[in-house]
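Here is the structure we will look at, set down as structure tokens.
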Amino acid sequence: MLVVPERLIADLVSPEDAFAAVEAVFAAMASGGAYNFPVVREALGEGRQYGFKSGLDRVGALLGVKSGGYFPGNGERGIPNHQSTVFLFDPDSGQLKATVGGNLLTALRTAAASAISIDRLARRDAKVLGMVGAGHQSAFQMRAAARVRPFDKVLGWNHHPEMLPRLAETAAELGLPFEAVSLEDLGAQADVIVTITSSNAPTLRDGHIRPGTHLACMGTDTKGKQEVEAALLARARVFTDEVAQSVSIGEAQHAIAAGLIREADITPVGAVINGTAPGRQSDDEVTLFDGTGVGLQDLAAAQVAVTRAVERGLAVEVAL
Ligand code: NAD
């Protein structure tokens, strides 16, 4: 078994690597060559969450699981609150092949997913990026979005305004002007909006969003979370990483429960990548990507880390 520790990931996996790996796995999922197993997520008490995301990709020869969760209070231990590790198995024999640090990989593969949606679904002439959310993931999201469209401005809003400097600093790093604005102004000006919060109630309303906007809703990955008003999903063309997760733990759970959309109204973005479903069909339509985060994204990104680590002689071999 190979071990690729967390501290090596930043040098081994680039955002471009993550984008390519996630795009390939979304395509495999949509063509039926890959599927995710049901997500296990348990509350451990005292705010701790723990779970597993796993799947099989016959096309990419991936089998494995990401195990991890959220452990508030880790700041006192000097480690991040989000903790995850990816285990890769040989899909033929079931033998454990690699153990890979999963914290940075999670951020890279999540940002890659929204960037893929922007690349495939946003208007080509999109110029203004709106960010709702200013937590750990937000910087990764902004950087990935800026790789797929030549934005000339970033607007930001956050429930906790004291966190907004993170967005300003990331925009500065990208050489883009940044403005903290109201949700009304953000919706009125943004061509692309990324939401990445742990909100339990809608922040963005249908009325905030102008025609032609693309939204990548990335924060809702659990039952009960919600970032945008359900009516917005009824107006938009809705895309997702995986329909089964979208309707159960994603943003679409609320629009489905309210009878505003049907499961059949949701398109896997992999089908757009494969050319079997249309992407954006007019400059006026609102497109919305419900990014729920699938295990196969983690396995694909971890496989890149293993391949690079082996190429560079950095993987630690442990006898089983
Ligand atoms: P974080 O704790 O660093 O930041 C949380 C963000 O949510 C901040 O912007 C905070 O201001 C905001 N927020 C908190 N409570 C809120 C409320 N009541 N209303 C509105 N906003 C609120 O978290 P992070 O690591 O940046 O992750 C953000 C979200 O993304 C989490 O919900 C996480 O579970 C989710 N996530 C999704 C995926 C995926 O694949 N879809 C992957 C990783 C993380």
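All residue names refer to the structure tokens as shown: chains lettered A, B, ... in order, residues numbered from 1 in each chain, ligands numbered from 1 in order.
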
Test item: residues lying within 9 Å of ligand 1 with only C-alpha atoms and all ligand atoms, as an mmCIF file with N, CA, C and O atoms, in the first residue's frame:
data_model
loop_
_atom_site.group_PDB
_atom_site.id
_atom_site.type_symbol
_atom_site.label_atom_id
_atom_site.label_comp_id
_atom_site.auth_asym_id
_atom_site.auth_seq_id
_atom_site.Cartn_x
_atom_site.Cartn_y
_atom_site.Cartn_z
ATOM 1 N N TYR A 70 -16.558 16.699 10.085
ATOM 2 C CA TYR A 70 -16.358 18.032 10.641
ATOM 3 C C TYR A 70 -16.237 17.901 12.154
ATOM 4 O O TYR A 70 -17.117 17.329 12.800
ATOM 5 N N ASN A 81 -10.784 21.915 11.160
ATOM 6 C CA ASN A 81 -12.034 21.302 11.616
ATOM 7 C C ASN A 81 -12.506 20.202 10.660
ATOM 8 O O ASN A 81 -13.098 19.214 11.082
ATOM 9 N N HIS A 82 -12.282 20.410 9.359
ATOM 10 C CA HIS A 82 -12.656 19.389 8.381
ATOM 11 C C HIS A 82 -11.497 18.407 8.264
ATOM 12 O O HIS A 82 -10.360 18.806 8.013
ATOM 13 N N THR A 106 -10.260 17.758 -1.036
ATOM 14 C CA THR A 106 -11.692 18.090 -0.975
ATOM 15 C C THR A 106 -11.937 19.492 -1.517
ATOM 16 O O THR A 106 -12.861 19.712 -2.308
ATOM 17 N N ALA A 107 -11.099 20.432 -1.113
ATOM 18 C CA ALA A 107 -11.262 21.812 -1.595
ATOM 19 C C ALA A 107 -11.023 21.887 -3.102
ATOM 20 O O ALA A 107 -11.781 22.533 -3.836
ATOM 21 N N ARG A 109 -11.265 19.455 -5.404
ATOM 22 C CA ARG A 109 -12.268 18.761 -6.233
ATOM 23 C C ARG A 109 -13.617 19.490 -6.177
ATOM 24 O O ARG A 109 -14.398 19.450 -7.132
ATOM 25 N N THR A 110 -13.906 20.167 -5.063
ATOM 26 C CA THR A 110 -15.162 20.923 -4.960
ATOM 27 C C THR A 110 -15.100 22.159 -5.858
ATOM 28 O O THR A 110 -16.052 22.472 -6.587
ATOM 29 N N ALA A 111 -13.960 22.851 -5.814
ATOM 30 C CA ALA A 111 -13.791 24.029 -6.680
ATOM 31 C C ALA A 111 -13.801 23.609 -8.150
ATOM 32 O O ALA A 111 -14.349 24.318 -9.005
ATOM 33 N N ALA A 113 -15.494 21.198 -9.460
ATOM 34 C CA ALA A 113 -16.874 20.909 -9.881
ATOM 35 C C ALA A 113 -17.613 22.181 -10.269
ATOM 36 O O ALA A 113 -18.275 22.241 -11.314
ATOM 37 N N SER A 114 -17.500 23.228 -9.445
ATOM 38 C CA SER A 114 -18.230 24.450 -9.803
ATOM 39 C C SER A 114 -17.617 25.085 -11.037
ATOM 40 O O SER A 114 -18.329 25.632 -11.883
ATOM 41 N N VAL A 132 -21.147 34.268 -2.736
ATOM 42 C CA VAL A 132 -21.928 34.262 -1.500
ATOM 43 C C VAL A 132 -21.294 33.218 -0.607
ATOM 44 O O VAL A 132 -21.354 32.015 -0.902
ATOM 45 N N GLY A 133 -20.639 33.673 0.460
ATOM 46 C CA GLY A 133 -19.864 32.770 1.312
ATOM 47 C C GLY A 133 -18.416 33.205 1.317
ATOM 48 O O GLY A 133 -17.879 33.602 0.269
ATOM 49 N N ALA A 134 -17.814 33.179 2.501
ATOM 50 C CA ALA A 134 -16.436 33.658 2.631
ATOM 51 C C ALA A 134 -15.644 32.759 3.578
ATOM 52 O O ALA A 134 -14.700 33.202 4.226
ATOM 53 N N GLY A 135 -16.050 31.485 3.641
ATOM 54 C CA GLY A 135 -15.352 30.539 4.509
ATOM 55 C C GLY A 135 -14.152 29.913 3.813
ATOM 56 O O GLY A 135 -13.679 30.396 2.772
ATOM 57 N N HIS A 136 -13.679 28.807 4.381
ATOM 58 C CA HIS A 136 -12.467 28.134 3.891
ATOM 59 C C HIS A 136 -12.519 27.828 2.395
ATOM 60 O O HIS A 136 -11.566 28.063 1.663
ATOM 61 N N GLN A 137 -13.676 27.309 1.931
ATOM 62 C CA GLN A 137 -13.775 26.869 0.533
ATOM 63 C C GLN A 137 -13.841 28.036 -0.450
ATOM 64 O O GLN A 137 -13.583 27.861 -1.642
ATOM 65 N N SER A 138 -14.245 29.206 0.031
ATOM 66 C CA SER A 138 -14.569 30.299 -0.894
ATOM 67 C C SER A 138 -13.371 30.709 -1.752
ATOM 68 O O SER A 138 -13.527 31.021 -2.936
ATOM 69 N N ALA A 139 -12.182 30.737 -1.177
ATOM 70 C CA ALA A 139 -10.995 31.158 -1.927
ATOM 71 C C ALA A 139 -10.716 30.174 -3.070
ATOM 72 O O ALA A 139 -10.408 30.584 -4.195
ATOM 73 N N TRP A 157 -20.824 38.802 -0.837
ATOM 74 C CA TRP A 157 -21.729 38.994 0.305
ATOM 75 C C TRP A 157 -21.500 37.810 1.247
ATOM 76 O O TRP A 157 -21.279 36.683 0.789
ATOM 77 N N ASN A 158 -21.533 38.071 2.539
ATOM 78 C CA ASN A 158 -21.434 36.966 3.487
ATOM 79 C C ASN A 158 -22.270 37.254 4.724
ATOM 80 O O ASN A 158 -22.386 38.398 5.160
ATOM 81 N N HIS A 159 -22.886 36.194 5.241
ATOM 82 C CA HIS A 159 -23.714 36.287 6.453
ATOM 83 C C HIS A 159 -22.912 36.892 7.606
ATOM 84 O O HIS A 159 -23.455 37.612 8.431
ATOM 85 N N HIS A 160 -21.636 36.551 7.678
ATOM 86 C CA HIS A 160 -20.742 37.112 8.697
ATOM 87 C C HIS A 160 -19.792 38.081 7.983
ATOM 88 O O HIS A 160 -18.778 37.659 7.432
ATOM 89 N N PRO A 161 -20.128 39.393 7.992
ATOM 90 C CA PRO A 161 -19.345 40.348 7.194
ATOM 91 C C PRO A 161 -17.872 40.403 7.595
ATOM 92 O O PRO A 161 -17.019 40.728 6.768
ATOM 93 N N GLU A 162 -17.580 40.029 8.830
ATOM 94 C CA GLU A 162 -16.173 40.080 9.275
ATOM 95 C C GLU A 162 -15.289 39.086 8.509
ATOM 96 O O GLU A 162 -14.060 39.169 8.569
ATOM 97 N N MET A 163 -15.922 38.153 7.782
ATOM 98 C CA MET A 163 -15.121 37.189 7.001
ATOM 99 C C MET A 163 -14.839 37.684 5.581
ATOM 100 O O MET A 163 -14.092 37.053 4.833
ATOM 101 N N LEU A 164 -15.446 38.803 5.186
ATOM 102 C CA LEU A 164 -15.303 39.280 3.797
ATOM 103 C C LEU A 164 -13.865 39.559 3.364
ATOM 104 O O LEU A 164 -13.550 39.418 2.171
ATOM 105 N N THR A 195 -22.352 30.021 -4.631
ATOM 106 C CA THR A 195 -22.748 30.034 -3.218
ATOM 107 C C THR A 195 -22.016 28.903 -2.513
ATOM 108 O O THR A 195 -22.012 27.765 -2.989
ATOM 109 N N ILE A 196 -21.361 29.236 -1.407
ATOM 110 C CA ILE A 196 -20.580 28.221 -0.691
ATOM 111 C C ILE A 196 -20.654 28.547 0.804
ATOM 112 O O ILE A 196 -19.719 29.063 1.404
ATOM 113 N N THR A 197 -21.836 28.236 1.371
ATOM 114 C CA THR A 197 -22.083 28.522 2.791
ATOM 115 C C THR A 197 -22.675 27.285 3.467
ATOM 116 O O THR A 197 -23.124 26.350 2.800
ATOM 117 N N SER A 198 -22.718 27.335 4.794
ATOM 118 C CA SER A 198 -23.378 26.251 5.524
ATOM 119 C C SER A 198 -24.752 26.698 5.999
ATOM 120 O O SER A 198 -25.193 26.332 7.088
ATOM 121 N N SER A 199 -25.427 27.477 5.181
ATOM 122 C CA SER A 199 -26.730 28.040 5.535
ATOM 123 C C SER A 199 -27.817 26.963 5.622
ATOM 124 O O SER A 199 -27.821 26.007 4.861
ATOM 125 N N ASN A 200 -28.759 27.175 6.554
ATOM 126 C CA ASN A 200 -29.903 26.273 6.696
ATOM 127 C C ASN A 200 -31.200 26.901 6.210
ATOM 128 O O ASN A 200 -32.272 26.335 6.393
ATOM 129 N N ALA A 201 -31.088 28.086 5.637
ATOM 130 C CA ALA A 201 -32.272 28.782 5.127
ATOM 131 C C ALA A 201 -31.849 29.572 3.889
ATOM 132 O O ALA A 201 -30.694 29.989 3.794
ATOM 133 N N PRO A 202 -32.790 29.774 2.940
ATOM 134 C CA PRO A 202 -32.385 30.447 1.697
ATOM 135 C C PRO A 202 -31.866 31.855 1.936
ATOM 136 O O PRO A 202 -32.448 32.613 2.695
ATOM 137 N N THR A 203 -30.757 32.141 1.294
ATOM 138 C CA THR A 203 -30.178 33.492 1.338
ATOM 139 C C THR A 203 -30.566 34.217 0.057
ATOM 140 O O THR A 203 -31.190 35.264 0.099
ATOM 141 N N CYS A 217 -24.285 26.340 -6.934
ATOM 142 C CA CYS A 217 -24.664 26.259 -5.515
ATOM 143 C C CYS A 217 -23.914 25.079 -4.906
ATOM 144 O O CYS A 217 -24.241 23.924 -5.165
ATOM 145 N N MET A 218 -22.904 25.370 -4.098
ATOM 146 C CA MET A 218 -21.953 24.351 -3.672
ATOM 147 C C MET A 218 -22.039 24.006 -2.179
ATOM 148 O O MET A 218 -21.419 23.051 -1.727
ATOM 149 N N GLY A 219 -22.772 24.792 -1.407
ATOM 150 C CA GLY A 219 -22.732 24.596 0.052
ATOM 151 C C GLY A 219 -23.658 23.510 0.568
ATOM 152 O O GLY A 219 -23.400 22.910 1.607
ATOM 153 N N THR A 220 -24.752 23.237 -0.149
ATOM 154 C CA THR A 220 -25.761 22.307 0.379
ATOM 155 C C THR A 220 -25.395 20.867 0.044
ATOM 156 O O THR A 220 -25.515 20.435 -1.098
ATOM 157 N N ASP A 221 -24.921 20.164 1.070
ATOM 158 C CA ASP A 221 -24.485 18.780 0.883
ATOM 159 C C ASP A 221 -25.061 17.861 1.958
ATOM 160 O O ASP A 221 -24.573 16.773 2.181
ATOM 161 N N THR A 222 -26.117 18.329 2.621
ATOM 162 C CA THR A 222 -26.720 17.584 3.731
ATOM 163 C C THR A 222 -28.199 17.930 3.785
ATOM 164 O O THR A 222 -28.584 19.047 3.448
ATOM 165 N N LYS A 225 -29.898 21.639 4.759
ATOM 166 C CA LYS A 225 -29.186 22.853 4.350
ATOM 167 C C LYS A 225 -29.896 23.466 3.140
ATOM 168 O O LYS A 225 -30.529 22.755 2.346
ATOM 169 N N GLN A 226 -29.752 24.791 2.977
ATOM 170 C CA GLN A 226 -30.372 25.469 1.834
ATOM 171 C C GLN A 226 -29.717 26.827 1.633
ATOM 172 O O GLN A 226 -29.533 27.572 2.594
ATOM 173 N N GLU A 227 -29.382 27.139 0.395
ATOM 174 C CA GLU A 227 -28.742 28.433 0.101
ATOM 175 C C GLU A 227 -29.606 29.355 -0.737
ATOM 176 O O GLU A 227 -29.458 30.572 -0.657
ATOM 177 N N GLY A 250 -28.991 17.647 -1.704
ATOM 178 C CA GLY A 250 -28.553 18.859 -2.401
ATOM 179 C C GLY A 250 -29.581 19.972 -2.324
ATOM 180 O O GLY A 250 -30.605 19.877 -1.633
ATOM 181 N N ASP A 290 -26.294 22.271 -9.010
ATOM 182 C CA ASP A 290 -26.457 21.820 -7.626
ATOM 183 C C ASP A 290 -25.285 20.877 -7.323
ATOM 184 O O ASP A 290 -25.343 19.687 -7.609
ATOM 185 N N GLY A 291 -24.223 21.438 -6.772
ATOM 186 C CA GLY A 291 -23.008 20.653 -6.522
ATOM 187 C C GLY A 291 -23.048 20.027 -5.138
ATOM 188 O O GLY A 291 -22.844 20.701 -4.127
ATOM 189 N N THR A 292 -23.325 18.730 -5.097
ATOM 190 C CA THR A 292 -23.531 18.073 -3.802
ATOM 191 C C THR A 292 -22.258 17.407 -3.280
ATOM 192 O O THR A 292 -22.171 17.060 -2.115
ATOM 193 N N GLY A 293 -21.287 17.180 -4.177
ATOM 194 C CA GLY A 293 -20.035 16.536 -3.778
ATOM 195 C C GLY A 293 -20.172 15.025 -3.747
ATOM 196 O O GLY A 293 -20.805 14.465 -2.858
ATOM 197 N N VAL A 294 -19.583 14.353 -4.743
ATOM 198 C CA VAL A 294 -19.701 12.886 -4.810
ATOM 199 C C VAL A 294 -18.356 12.228 -4.500
ATOM 200 O O VAL A 294 -17.293 12.798 -4.749
ATOM 201 N N GLN A 297 -15.518 12.050 -7.088
ATOM 202 C CA GLN A 297 -14.632 13.225 -7.248
ATOM 203 C C GLN A 297 -13.386 13.046 -6.373
ATOM 204 O O GLN A 297 -12.275 13.373 -6.782
#

Within region 229-280 of chain A, find each residue whose DSSP state, derived from the backbone, is alpha helix (DSSP H), and express the selection as a ChimeraX atom specification.
/A:230-235,243-248,252-257,269-274

Could you dump the residues just selected with C-alpha atoms as a tab-separated table (two decimals), in the first residue's frame?
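In the end it all went to again-v8.tsv:
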chain	number	residue	atom	x	y	z
A	230	ALA	CA	-36.74	26.85	-4.05
A	231	ALA	CA	-38.66	29.00	-6.57
A	232	LEU	CA	-35.35	29.80	-8.24
A	233	LEU	CA	-34.87	26.13	-9.12
A	234	ALA	CA	-38.32	26.12	-10.73
A	235	ARG	CA	-37.27	29.06	-12.96
A	243	VAL	CA	-29.27	13.41	-9.43
A	244	ALA	CA	-29.78	10.97	-6.51
A	245	GLN	CA	-27.78	13.25	-4.20
A	246	SER	CA	-29.27	16.44	-5.62
A	247	VAL	CA	-32.84	15.42	-4.71
A	248	SER	CA	-31.94	14.03	-1.27
A	252	ALA	CA	-32.93	20.51	-5.11
A	253	GLN	CA	-34.24	18.64	-2.02
A	254	HIS	CA	-36.44	21.66	-1.17
A	255	ALA	CA	-37.84	22.30	-4.67
A	256	ILE	CA	-38.61	18.57	-4.98
A	257	ALA	CA	-40.32	18.44	-1.57
A	269	VAL	CA	-23.53	17.90	-15.92
A	270	GLY	CA	-21.68	14.82	-17.17
A	271	ALA	CA	-24.33	14.47	-19.89
A	272	VAL	CA	-23.46	18.00	-21.06
A	273	ILE	CA	-19.76	17.05	-21.03
A	274	ASN	CA	-20.56	13.91	-23.07

Between CA of Val286 (chain A) and CA of Val22 (chain A), what is the distance in Å, rounded to a tenth?
23.6 Å

Counting only C-alpha atoms, give me one row per residue of region 60-164 of chain A with an atom at most 9 Å from an atom of region 23-43 of chain A, showing the shortest contact pair and its distance in Å to one decimal, sorted by chain then residue number, as a tab-separated table.
residue	atom	partner	partner_atom	distance
A:Gly60	CA	A:Val25	CA	7.5
A:Leu62	CA	A:Ala34	CA	8.8
A:Gly69	CA	A:Arg41	CA	8.3
A:Ala112	CA	A:Glu23	CA	8.2
A:Ala113	CA	A:Glu23	CA	7.7
A:Ile116	CA	A:Glu23	CA	6.9

Would you mind telling me which residue in A:Val310, A:Leu288, A:Ala18, A:Val59 lies nearest to Val192 (chain A) when using only C-alpha atoms?
A:Leu288
